Amino acid sequence: MHDVIVIGGSFAGHSAAMQLARASKSVLLIDSGSPRNRFAEGVHGFLGQDGRPPRDIMMFASTELLAYPSAATLHAEVTSVVRMDKGFRLNLSNGDERQALRLVLATGVSDDLPPIPGLKERWGKTVLHCPYCHGYEVKGRALGVIANNPMSAHHAALISDWGPVTYFTQGPLDSDEATHALLAKRNVAIEQSPIIELFGTAPQLEAVRLDDGRKLAIDVLFTASRTRMSSPLAEQLGCAFEEGPTGPYIKVDLWGLTSVPHVYAAGDATTPMHNATLAAGSGVIAGVGAHQSLVFE
Ligand SMILES: Cc1cc2nc3c(=O)[nH]c(=O)nc-3n(C[C@H](O)[C@H](O)[C@H](O)COP(=O)(O)OP(=O)(O)OC[C@H]3O[C@@H](n4cnc5c(N)ncnc54)[C@H](O)[C@@H]3O)c2cc1C
């Protein structure tokens, strides 16, 4: 029986496990190896690691974690969790099972892109969502923003700070006067004919074809994704959810405790604000929360 099992071994999970290891708790970090940003070549804006490949950061984090004798890691997927009289039993994809007194869910979210052929192949390279993560690298290029939620016009206005923007509304522009004025003030070009095709050898992007037959030179497209839980475990355990602008997230308190006793959660799965630093920060909170619940029970 471990003190704590952390499910998900990326920014949030490693940060949670580190706090527990440093409190000499027996902590097992289980990870299936599909972090959300695996499509990107580098992580930007993460203190001390700007531009470093995500895989390298995680390998370094695992080496640091395993320097603590009470910590262990395991490459596997947790397929189900069963609550026991005391603690939890986890069933793993390799047929094994593990038990722990506390759980930290750091399982992240996955992205669903608008249904335009060619977007998926370019995701994280020339199809992006976050200008703070990758905008600097594409500064001054021909940028496009694809509308897919009520905030898309504001996304387009914001992204014009990184280069000339065409806002693809994917249908008739349906916005108020203030939004029109904002787009005009930011020199955002508006195209209402939907994008139906992308050109260039993926992941490169050279142009887009519109439904009315025109072809426009575009180097990079930004679009918000719909997000969903990468794992059904929180739902299985009965955790309460909140609804965010891009998708649901697990409700947690100030210590990362979910609505289910002894189940903590951290990272993208617990907030509508998705960012590696924020995920690491919330991992620290959940790790400390889980530790203190063992002490003060
Ligand atoms: C393309 C792209 C680029 C990005 N670039 C940046 C950037 O430059 N800077 C920045 O700050 N943010 C960036 N982000 C956001 C950043 O990736 C996330 O905020 C961060 O990865 C969230 O960390 P996390 O630990 O919550 O989840 P994740 O990193 O998604 O990790 C979750 C982990 O849990 C594992 N897991 C899931 N279910 C199970 C299970 N049942 N059993 C075992 N393991 C499981 C997964 O395999 C995965 O390894 C980017 C996002 C995307 C999509």
# chains A, B, ... in the order shown; residues from 1 in each chain; ligands from 1
$ residues_near_ligand --ligand "ligand 1" --cutoff "7 Å" --atoms "only C-alpha atoms and all ligand atoms" --output "PDB file with N, CA and C atoms, in the first residue's frame"
ATOM      1  N   ILE A   7      -1.565   9.876 -10.480  1.00  0.00           N
ATOM      2  CA  ILE A   7      -1.856   9.343 -11.822  1.00  0.00           C
ATOM      3  C   ILE A   7      -1.652  10.479 -12.820  1.00  0.00           C
ATOM      4  N   GLY A   8      -0.709  10.287 -13.736  1.00  0.00           N
ATOM      5  CA  GLY A   8      -0.338  11.329 -14.694  1.00  0.00           C
ATOM      6  C   GLY A   8       1.008  11.907 -14.311  1.00  0.00           C
ATOM      7  N   GLY A   9       1.995  11.730 -15.180  1.00  0.00           N
ATOM      8  CA  GLY A   9       3.373  12.123 -14.819  1.00  0.00           C
ATOM      9  C   GLY A   9       3.921  13.206 -15.722  1.00  0.00           C
ATOM     10  N   SER A  10       3.190  14.338 -15.797  1.00  0.00           N
ATOM     11  CA  SER A  10       3.708  15.462 -16.583  1.00  0.00           C
ATOM     12  C   SER A  10       3.967  16.627 -15.612  1.00  0.00           C
ATOM     13  N   PHE A  11       3.670  17.850 -16.014  1.00  0.00           N
ATOM     14  CA  PHE A  11       3.996  19.010 -15.174  1.00  0.00           C
ATOM     15  C   PHE A  11       3.317  18.926 -13.811  1.00  0.00           C
ATOM     16  N   ALA A  12       2.010  18.657 -13.804  1.00  0.00           N
ATOM     17  CA  ALA A  12       1.271  18.624 -12.540  1.00  0.00           C
ATOM     18  C   ALA A  12       1.670  17.410 -11.701  1.00  0.00           C
ATOM     19  N   GLY A  13       1.725  16.240 -12.324  1.00  0.00           N
ATOM     20  CA  GLY A  13       1.983  15.000 -11.588  1.00  0.00           C
ATOM     21  C   GLY A  13       3.377  14.973 -10.967  1.00  0.00           C
ATOM     22  N   ILE A  30       2.320   7.141 -11.755  1.00  0.00           N
ATOM     23  CA  ILE A  30       1.999   6.255 -12.885  1.00  0.00           C
ATOM     24  C   ILE A  30       1.640   7.123 -14.092  1.00  0.00           C
ATOM     25  N   ASP A  31       2.289   6.866 -15.215  1.00  0.00           N
ATOM     26  CA  ASP A  31       2.052   7.711 -16.394  1.00  0.00           C
ATOM     27  C   ASP A  31       1.985   6.885 -17.664  1.00  0.00           C
ATOM     28  N   SER A  32       1.034   7.251 -18.530  1.00  0.00           N
ATOM     29  CA  SER A  32       0.870   6.506 -19.779  1.00  0.00           C
ATOM     30  C   SER A  32       1.601   7.156 -20.953  1.00  0.00           C
ATOM     31  N   GLY A  33       2.260   8.295 -20.708  1.00  0.00           N
ATOM     32  CA  GLY A  33       3.177   8.848 -21.711  1.00  0.00           C
ATOM     33  C   GLY A  33       2.570   9.645 -22.843  1.00  0.00           C
ATOM     34  N   SER A  34       1.402  10.282 -22.623  1.00  0.00           N
ATOM     35  CA  SER A  34       0.819  11.119 -23.683  1.00  0.00           C
ATOM     36  C   SER A  34       0.480  12.518 -23.175  1.00  0.00           C
ATOM     37  N   PRO A  35       1.500  13.307 -22.801  1.00  0.00           N
ATOM     38  CA  PRO A  35       1.190  14.662 -22.335  1.00  0.00           C
ATOM     39  C   PRO A  35       0.576  15.502 -23.446  1.00  0.00           C
ATOM     40  N   ARG A  36      -0.181  16.482 -23.060  1.00  0.00           N
ATOM     41  CA  ARG A  36      -0.951  17.280 -24.018  1.00  0.00           C
ATOM     42  C   ARG A  36      -0.066  17.987 -25.050  1.00  0.00           C
ATOM     43  N   ASN A  37       1.098  18.448 -24.608  1.00  0.00           N
ATOM     44  CA  ASN A  37       1.919  19.249 -25.529  1.00  0.00           C
ATOM     45  C   ASN A  37       2.952  18.405 -26.274  1.00  0.00           C
ATOM     46  N   ARG A  38       2.719  17.108 -26.403  1.00  0.00           N
ATOM     47  CA  ARG A  38       3.704  16.240 -27.076  1.00  0.00           C
ATOM     48  C   ARG A  38       3.855  16.589 -28.563  1.00  0.00           C
ATOM     49  N   PHE A  39       2.943  17.383 -29.120  1.00  0.00           N
ATOM     50  CA  PHE A  39       3.013  17.759 -30.537  1.00  0.00           C
ATOM     51  C   PHE A  39       3.941  18.953 -30.760  1.00  0.00           C
ATOM     52  N   ALA A  40       4.329  19.620 -29.672  1.00  0.00           N
ATOM     53  CA  ALA A  40       5.163  20.823 -29.792  1.00  0.00           C
ATOM     54  C   ALA A  40       6.638  20.463 -29.629  1.00  0.00           C
ATOM     55  N   GLY A  42       8.955  22.543 -28.413  1.00  0.00           N
ATOM     56  CA  GLY A  42       9.524  23.119 -27.200  1.00  0.00           C
ATOM     57  C   GLY A  42       8.435  23.691 -26.306  1.00  0.00           C
ATOM     58  N   VAL A  43       8.762  23.796 -25.013  1.00  0.00           N
ATOM     59  CA  VAL A  43       7.853  24.434 -24.058  1.00  0.00           C
ATOM     60  C   VAL A  43       8.346  25.863 -23.860  1.00  0.00           C
ATOM     61  N   HIS A  44       7.476  26.830 -24.034  1.00  0.00           N
ATOM     62  CA  HIS A  44       7.899  28.220 -23.868  1.00  0.00           C
ATOM     63  C   HIS A  44       7.273  28.850 -22.636  1.00  0.00           C
ATOM     64  N   GLY A  45       8.042  29.778 -22.048  1.00  0.00           N
ATOM     65  CA  GLY A  45       7.542  30.534 -20.906  1.00  0.00           C
ATOM     66  C   GLY A  45       7.602  29.755 -19.605  1.00  0.00           C
ATOM     67  N   PHE A  46       8.275  28.624 -19.583  1.00  0.00           N
ATOM     68  CA  PHE A  46       8.387  27.820 -18.351  1.00  0.00           C
ATOM     69  C   PHE A  46       9.742  28.174 -17.733  1.00  0.00           C
ATOM     70  N   ALA A  76       2.506   3.043 -17.283  1.00  0.00           N
ATOM     71  CA  ALA A  76       1.287   2.228 -17.474  1.00  0.00           C
ATOM     72  C   ALA A  76       0.091   3.163 -17.513  1.00  0.00           C
ATOM     73  N   GLU A  77      -1.029   2.626 -17.960  1.00  0.00           N
ATOM     74  CA  GLU A  77      -2.276   3.395 -17.882  1.00  0.00           C
ATOM     75  C   GLU A  77      -3.126   2.830 -16.752  1.00  0.00           C
ATOM     76  N   VAL A  78      -3.667   3.711 -15.939  1.00  0.00           N
ATOM     77  CA  VAL A  78      -4.617   3.256 -14.912  1.00  0.00           C
ATOM     78  C   VAL A  78      -5.975   3.142 -15.601  1.00  0.00           C
ATOM     79  N   THR A  79      -6.517   1.936 -15.639  1.00  0.00           N
ATOM     80  CA  THR A  79      -7.757   1.736 -16.402  1.00  0.00           C
ATOM     81  C   THR A  79      -9.006   1.892 -15.525  1.00  0.00           C
ATOM     82  N   ALA A 106      -3.676  13.728 -12.026  1.00  0.00           N
ATOM     83  CA  ALA A 106      -2.983  14.771 -12.805  1.00  0.00           C
ATOM     84  C   ALA A 106      -2.989  14.317 -14.260  1.00  0.00           C
ATOM     85  N   THR A 107      -4.168  13.938 -14.711  1.00  0.00           N
ATOM     86  CA  THR A 107      -4.304  13.215 -15.981  1.00  0.00           C
ATOM     87  C   THR A 107      -4.508  14.118 -17.197  1.00  0.00           C
ATOM     88  N   GLY A 108      -4.639  15.436 -16.999  1.00  0.00           N
ATOM     89  CA  GLY A 108      -4.657  16.366 -18.125  1.00  0.00           C
ATOM     90  C   GLY A 108      -5.915  16.320 -18.974  1.00  0.00           C
ATOM     91  N   VAL A 109      -5.870  17.091 -20.049  1.00  0.00           N
ATOM     92  CA  VAL A 109      -6.988  17.130 -20.999  1.00  0.00           C
ATOM     93  C   VAL A 109      -6.462  16.847 -22.405  1.00  0.00           C
ATOM     94  N   ASP A 111      -7.265  17.591 -26.758  1.00  0.00           N
ATOM     95  CA  ASP A 111      -7.812  18.642 -27.618  1.00  0.00           C
ATOM     96  C   ASP A 111      -8.616  18.075 -28.787  1.00  0.00           C
ATOM     97  N   TRP A 123      -0.994  20.361 -35.886  1.00  0.00           N
ATOM     98  CA  TRP A 123      -1.235  20.804 -34.496  1.00  0.00           C
ATOM     99  C   TRP A 123       0.093  20.916 -33.726  1.00  0.00           C
ATOM    100  N   GLY A 124       0.285  22.058 -33.076  1.00  0.00           N
ATOM    101  CA  GLY A 124       1.502  22.277 -32.280  1.00  0.00           C
ATOM    102  C   GLY A 124       2.667  22.801 -33.111  1.00  0.00           C
ATOM    103  N   LEU A 128      -1.959  26.359 -34.041  1.00  0.00           N
ATOM    104  CA  LEU A 128      -1.640  26.633 -32.635  1.00  0.00           C
ATOM    105  C   LEU A 128      -2.873  27.163 -31.914  1.00  0.00           C
ATOM    106  N   CYS A 133       2.384  30.808 -25.798  1.00  0.00           N
ATOM    107  CA  CYS A 133       3.229  29.602 -25.882  1.00  0.00           C
ATOM    108  C   CYS A 133       4.091  29.628 -27.139  1.00  0.00           C
ATOM    109  N   HIS A 134       3.513  30.020 -28.284  1.00  0.00           N
ATOM    110  CA  HIS A 134       4.243  29.852 -29.557  1.00  0.00           C
ATOM    111  C   HIS A 134       4.158  31.049 -30.488  1.00  0.00           C
ATOM    112  N   SER A 230      -8.583  13.674 -20.391  1.00  0.00           N
ATOM    113  CA  SER A 230      -7.801  12.626 -21.051  1.00  0.00           C
ATOM    114  C   SER A 230      -8.103  11.254 -20.457  1.00  0.00           C
ATOM    115  N   SER A 231      -8.711  11.255 -19.272  1.00  0.00           N
ATOM    116  CA  SER A 231      -8.987   9.976 -18.593  1.00  0.00           C
ATOM    117  C   SER A 231     -10.379  10.021 -17.973  1.00  0.00           C
ATOM    118  N   LEU A 233     -11.194   8.624 -15.218  1.00  0.00           N
ATOM    119  CA  LEU A 233     -11.103   8.218 -13.804  1.00  0.00           C
ATOM    120  C   LEU A 233     -11.844   9.171 -12.859  1.00  0.00           C
ATOM    121  N   ALA A 266      -4.978  17.968  -9.968  1.00  0.00           N
ATOM    122  CA  ALA A 266      -4.136  19.121 -10.316  1.00  0.00           C
ATOM    123  C   ALA A 266      -3.966  19.202 -11.821  1.00  0.00           C
ATOM    124  N   GLY A 267      -3.488  20.370 -12.266  1.00  0.00           N
ATOM    125  CA  GLY A 267      -3.124  20.540 -13.672  1.00  0.00           C
ATOM    126  C   GLY A 267      -4.283  20.972 -14.549  1.00  0.00           C
ATOM    127  N   ASP A 268      -4.106  20.807 -15.866  1.00  0.00           N
ATOM    128  CA  ASP A 268      -5.114  21.248 -16.837  1.00  0.00           C
ATOM    129  C   ASP A 268      -6.493  20.664 -16.553  1.00  0.00           C
ATOM    130  N   ALA A 269      -6.527  19.476 -15.959  1.00  0.00           N
ATOM    131  CA  ALA A 269      -7.815  18.812 -15.697  1.00  0.00           C
ATOM    132  C   ALA A 269      -8.639  19.554 -14.658  1.00  0.00           C
ATOM    133  N   HIS A 274      -5.016  26.897 -19.061  1.00  0.00           N
ATOM    134  CA  HIS A 274      -4.097  25.795 -19.358  1.00  0.00           C
ATOM    135  C   HIS A 274      -2.692  26.301 -19.667  1.00  0.00           C
ATOM    136  N   ASN A 275      -1.743  25.905 -18.827  1.00  0.00           N
ATOM    137  CA  ASN A 275      -0.379  26.401 -18.960  1.00  0.00           C
ATOM    138  C   ASN A 275       0.513  25.512 -18.104  1.00  0.00           C
ATOM    139  N   ALA A 276       1.742  25.263 -18.589  1.00  0.00           N
ATOM    140  CA  ALA A 276       2.636  24.331 -17.899  1.00  0.00           C
ATOM    141  C   ALA A 276       2.998  24.815 -16.489  1.00  0.00           C
ATOM    142  N   THR A 277       3.264  26.112 -16.359  1.00  0.00           N
ATOM    143  CA  THR A 277       3.641  26.655 -15.048  1.00  0.00           C
ATOM    144  C   THR A 277       2.481  26.542 -14.061  1.00  0.00           C
ATOM    145  N   ALA A 279       0.073  24.408 -14.221  1.00  0.00           N
ATOM    146  CA  ALA A 279      -0.116  22.977 -13.918  1.00  0.00           C
ATOM    147  C   ALA A 279       0.887  22.540 -12.846  1.00  0.00           C
ATOM    148  N   ALA A 280       2.140  22.969 -12.998  1.00  0.00           N
ATOM    149  CA  ALA A 280       3.157  22.609 -12.005  1.00  0.00           C
ATOM    150  C   ALA A 280       2.783  23.192 -10.638  1.00  0.00           C
TER     151      ALA A 280
END
$ residues_around --residues "stretch 84-92 of chain A" --least-positions-apart "2" --cutoff "12 Å" --atoms "only C-alpha atoms" --output "PyMOL selection string"
chain A and resi 1-7+28+30-32+74-82+94-104+233+236-237+261-263+294
$ atom_distance --atom1 "atom CA of A:His180" --atom2 "atom CA of A:Thr227"
27.7 Å
$ atom_distance --atom1 "atom CA of A:Gln192" --atom2 "atom CA of A:Met151"
16.4 Å
$ select_by_dssp --residues "stretch 30-239 of chain A" --states "alpha helix (DSSP H)" --output "ChimeraX atom specification"
/A:54-66,119-122,131-134,152-159,177-185,233-237
$ write_last_selection --atoms "N, CA and C atoms" --output "short mmCIF file (atom, residue, chain, number, x, y, z; two decimals), in the first residue's frame"
data_model
loop_
_atom_site.label_atom_id
_atom_site.label_comp_id
_atom_site.auth_asym_id
_atom_site.auth_seq_id
_atom_site.Cartn_x
_atom_site.Cartn_y
_atom_site.Cartn_z
N PRO A 54 9.47 19.13 -24.41
CA PRO A 54 8.72 18.64 -23.23
C PRO A 54 9.25 17.31 -22.71
N ARG A 55 9.64 16.43 -23.62
CA ARG A 55 10.13 15.11 -23.20
C ARG A 55 11.40 15.24 -22.35
N ASP A 56 12.29 16.16 -22.73
CA ASP A 56 13.54 16.36 -21.98
C ASP A 56 13.24 16.87 -20.57
N ILE A 57 12.28 17.82 -20.49
CA ILE A 57 11.94 18.37 -19.17
C ILE A 57 11.41 17.26 -18.27
N MET A 58 10.57 16.37 -18.83
CA MET A 58 9.98 15.30 -18.01
C MET A 58 11.03 14.26 -17.61
N MET A 59 11.97 13.97 -18.53
CA MET A 59 13.03 13.00 -18.18
C MET A 59 13.86 13.56 -17.03
N PHE A 60 14.15 14.84 -17.09
CA PHE A 60 14.94 15.49 -16.04
C PHE A 60 14.15 15.47 -14.72
N ALA A 61 12.85 15.77 -14.82
CA ALA A 61 12.00 15.79 -13.62
C ALA A 61 11.94 14.39 -12.99
N SER A 62 11.86 13.34 -13.82
CA SER A 62 11.80 11.97 -13.29
C SER A 62 13.11 11.60 -12.59
N THR A 63 14.23 12.02 -13.20
CA THR A 63 15.54 11.72 -12.58
C THR A 63 15.61 12.39 -11.21
N GLU A 64 15.15 13.64 -11.15
CA GLU A 64 15.18 14.35 -9.86
C GLU A 64 14.27 13.65 -8.84
N LEU A 65 13.09 13.23 -9.29
CA LEU A 65 12.13 12.59 -8.38
C LEU A 65 12.70 11.27 -7.83
N LEU A 66 13.31 10.50 -8.73
CA LEU A 66 13.78 9.16 -8.33
C LEU A 66 15.03 9.21 -7.45
N LEU A 119 -5.83 20.08 -40.24
CA LEU A 119 -5.49 20.80 -39.00
C LEU A 119 -4.71 19.91 -38.04
N LYS A 120 -5.18 18.67 -37.91
CA LYS A 120 -4.61 17.74 -36.93
C LYS A 120 -3.12 17.48 -37.19
N GLU A 121 -2.79 17.29 -38.46
CA GLU A 121 -1.40 16.98 -38.83
C GLU A 121 -0.45 18.13 -38.53
N ARG A 122 -0.99 19.34 -38.38
CA ARG A 122 -0.16 20.53 -38.17
C ARG A 122 -0.23 21.04 -36.73
N PRO A 131 -1.03 32.10 -28.17
CA PRO A 131 0.04 32.97 -28.65
C PRO A 131 1.17 33.14 -27.64
N TYR A 132 0.86 33.02 -26.34
CA TYR A 132 1.93 33.17 -25.33
C TYR A 132 2.89 31.97 -25.38
N CYS A 133 2.38 30.81 -25.80
CA CYS A 133 3.23 29.60 -25.88
C CYS A 133 4.09 29.63 -27.14
N HIS A 134 3.51 30.02 -28.28
CA HIS A 134 4.24 29.85 -29.56
C HIS A 134 4.16 31.05 -30.49
N SER A 152 -13.73 33.91 -30.16
CA SER A 152 -12.76 33.85 -31.27
C SER A 152 -12.39 35.22 -31.82
N ALA A 153 -13.36 36.15 -31.87
CA ALA A 153 -13.05 37.48 -32.40
C ALA A 153 -12.02 38.17 -31.50
N HIS A 154 -12.15 37.98 -30.19
CA HIS A 154 -11.17 38.56 -29.27
C HIS A 154 -9.81 37.88 -29.42
N HIS A 155 -9.83 36.58 -29.68
CA HIS A 155 -8.60 35.82 -29.96
C HIS A 155 -7.89 36.46 -31.16
N ALA A 156 -8.67 36.75 -32.22
CA ALA A 156 -8.10 37.35 -33.43
C ALA A 156 -7.51 38.73 -33.12
N ALA A 157 -8.26 39.53 -32.35
CA ALA A 157 -7.77 40.88 -32.01
C ALA A 157 -6.48 40.79 -31.19
N LEU A 158 -6.41 39.84 -30.28
CA LEU A 158 -5.22 39.67 -29.44
C LEU A 158 -4.02 39.24 -30.29
N ILE A 159 -4.25 38.25 -31.14
CA ILE A 159 -3.15 37.66 -31.91
C ILE A 159 -2.55 38.66 -32.91
N GLU A 177 -21.38 45.56 -32.54
CA GLU A 177 -20.65 46.71 -33.08
C GLU A 177 -19.29 46.88 -32.42
N ALA A 178 -19.25 46.66 -31.11
CA ALA A 178 -18.00 46.85 -30.38
C ALA A 178 -16.93 45.88 -30.89
N THR A 179 -17.34 44.65 -31.19
CA THR A 179 -16.39 43.65 -31.68
C THR A 179 -15.90 44.04 -33.09
N HIS A 180 -16.84 44.50 -33.93
CA HIS A 180 -16.46 44.98 -35.27
C HIS A 180 -15.43 46.09 -35.15
N ALA A 181 -15.71 47.02 -34.23
CA ALA A 181 -14.81 48.17 -34.06
C ALA A 181 -13.44 47.71 -33.57
N LEU A 182 -13.45 46.74 -32.66
CA LEU A 182 -12.17 46.22 -32.14
C LEU A 182 -11.35 45.58 -33.25
N LEU A 183 -12.01 44.76 -34.08
CA LEU A 183 -11.30 44.08 -35.17
C LEU A 183 -10.74 45.12 -36.17
N ALA A 184 -11.55 46.15 -36.42
CA ALA A 184 -11.09 47.19 -37.36
C ALA A 184 -9.90 47.94 -36.77
N LYS A 185 -9.99 48.27 -35.48
CA LYS A 185 -8.90 49.00 -34.81
C LYS A 185 -7.59 48.19 -34.84
N LEU A 233 -11.19 8.62 -15.22
CA LEU A 233 -11.10 8.22 -13.80
C LEU A 233 -11.84 9.17 -12.86
N ALA A 234 -11.75 10.48 -13.11
CA ALA A 234 -12.41 11.44 -12.21
C ALA A 234 -13.92 11.22 -12.23
N GLU A 235 -14.44 10.97 -13.42
CA GLU A 235 -15.88 10.72 -13.55
C GLU A 235 -16.25 9.42 -12.84
N GLN A 236 -15.38 8.39 -13.08
CA GLN A 236 -15.61 7.08 -12.46
C GLN A 236 -15.67 7.18 -10.93
N LEU A 237 -14.78 8.04 -10.38
CA LEU A 237 -14.73 8.19 -8.92
C LEU A 237 -15.87 9.04 -8.38
#
$ closest_residue --among "A:Asp176, A:Ala23, A:Thr126, A:Thr246" --to "A:Gln292" --atoms "only C-alpha atoms"
A:Ala23
$ select_by_dssp --residues "stretch 70-232 of chain A" --states "strand (DSSP E)" --output "mmCIF file with C-alpha atoms, in the first residue's frame"
data_model
loop_
_atom_site.group_PDB
_atom_site.id
_atom_site.type_symbol
_atom_site.label_atom_id
_atom_site.label_comp_id
_atom_site.auth_asym_id
_atom_site.auth_seq_id
_atom_site.Cartn_x
_atom_site.Cartn_y
_atom_site.Cartn_z
ATOM 1 C CA ALA A 71 9.468 7.685 -4.793
ATOM 2 C CA ALA A 72 8.866 5.303 -7.690
ATOM 3 C CA THR A 73 7.580 5.690 -11.239
ATOM 4 C CA LEU A 74 5.720 3.299 -13.505
ATOM 5 C CA HIS A 75 4.887 3.490 -17.198
ATOM 6 C CA VAL A 78 -4.617 3.256 -14.912
ATOM 7 C CA THR A 79 -7.757 1.736 -16.402
ATOM 8 C CA SER A 80 -10.023 1.817 -13.338
ATOM 9 C CA VAL A 81 -10.070 2.692 -9.652
ATOM 10 C CA VAL A 82 -11.987 0.916 -6.898
ATOM 11 C CA ARG A 83 -12.564 2.507 -3.504
ATOM 12 C CA PHE A 88 -8.052 2.757 -3.334
ATOM 13 C CA ARG A 89 -7.186 -0.137 -5.633
ATOM 14 C CA LEU A 90 -5.998 0.783 -9.123
ATOM 15 C CA ASN A 91 -6.172 -1.583 -12.085
ATOM 16 C CA LEU A 92 -3.452 -1.076 -14.673
ATOM 17 C CA GLU A 97 -2.893 -3.553 -9.567
ATOM 18 C CA ARG A 98 -1.627 -1.032 -7.028
ATOM 19 C CA GLN A 99 -3.096 0.383 -3.807
ATOM 20 C CA ALA A 100 -2.819 3.745 -2.079
ATOM 21 C CA LEU A 101 -4.345 5.716 0.800
ATOM 22 C CA ARG A 102 -4.632 8.899 -1.281
ATOM 23 C CA LEU A 103 -4.861 9.677 -4.988
ATOM 24 C CA VAL A 104 -3.737 12.670 -7.003
ATOM 25 C CA LEU A 105 -5.318 12.882 -10.462
ATOM 26 C CA VAL A 109 -6.988 17.130 -20.999
ATOM 27 C CA SER A 110 -7.049 16.305 -24.723
ATOM 28 C CA ASP A 111 -7.812 18.642 -27.618
ATOM 29 C CA ASP A 112 -10.573 18.327 -30.228
ATOM 30 C CA VAL A 127 -1.778 25.155 -36.133
ATOM 31 C CA LEU A 128 -1.640 26.633 -32.635
ATOM 32 C CA LEU A 143 -1.428 34.580 -39.339
ATOM 33 C CA GLY A 144 -4.997 33.322 -39.425
ATOM 34 C CA VAL A 145 -7.524 32.734 -36.638
ATOM 35 C CA ILE A 146 -10.334 30.220 -37.164
ATOM 36 C CA VAL A 165 -4.186 38.531 -38.882
ATOM 37 C CA THR A 166 -6.977 37.257 -41.081
ATOM 38 C CA TYR A 167 -10.017 36.228 -39.052
ATOM 39 C CA PHE A 168 -11.812 33.262 -40.655
ATOM 40 C CA ALA A 189 -8.959 41.244 -42.093
ATOM 41 C CA ILE A 190 -12.231 39.274 -42.066
ATOM 42 C CA GLU A 191 -13.035 36.307 -44.343
ATOM 43 C CA ILE A 195 -11.741 27.321 -45.037
ATOM 44 C CA ILE A 196 -12.133 23.931 -46.719
ATOM 45 C CA GLU A 197 -8.545 22.903 -47.510
ATOM 46 C CA LEU A 198 -4.965 23.533 -46.335
ATOM 47 C CA PHE A 199 -1.907 23.615 -48.632
ATOM 48 C CA ALA A 207 -2.125 28.621 -47.946
ATOM 49 C CA VAL A 208 -5.797 27.909 -47.331
ATOM 50 C CA ARG A 209 -8.584 27.316 -49.854
ATOM 51 C CA LEU A 210 -11.918 28.994 -49.129
ATOM 52 C CA LYS A 215 -6.656 30.555 -52.189
ATOM 53 C CA LEU A 216 -5.008 32.783 -49.532
ATOM 54 C CA ALA A 217 -1.378 32.667 -48.389
ATOM 55 C CA VAL A 220 0.116 29.819 -39.310
ATOM 56 C CA LEU A 221 -3.434 29.250 -38.061
ATOM 57 C CA PHE A 222 -4.583 29.776 -34.477
ATOM 58 C CA ARG A 226 -12.536 21.905 -27.311
ATOM 59 C CA THR A 227 -11.004 20.149 -24.334
ATOM 60 C CA ARG A 228 -12.099 16.900 -22.707
ATOM 61 C CA MET A 229 -10.685 14.825 -19.862
#
$ atom_distance --atom1 "atom CA of A:Gly140" --atom2 "atom CA of A:Gln204"
16.3 Å
$ closest_residue --among "A:Ala224, A:Pro272, A:Pro164, A:Tyr264" --to "A:Gly244" --atoms "only C-alpha atoms"
A:Pro272
$ closest_residue --among "A:Ala147, A:Leu47, A:Ala202, A:Val252" --to "A:Leu278" --atoms "only C-alpha atoms"
A:Leu47
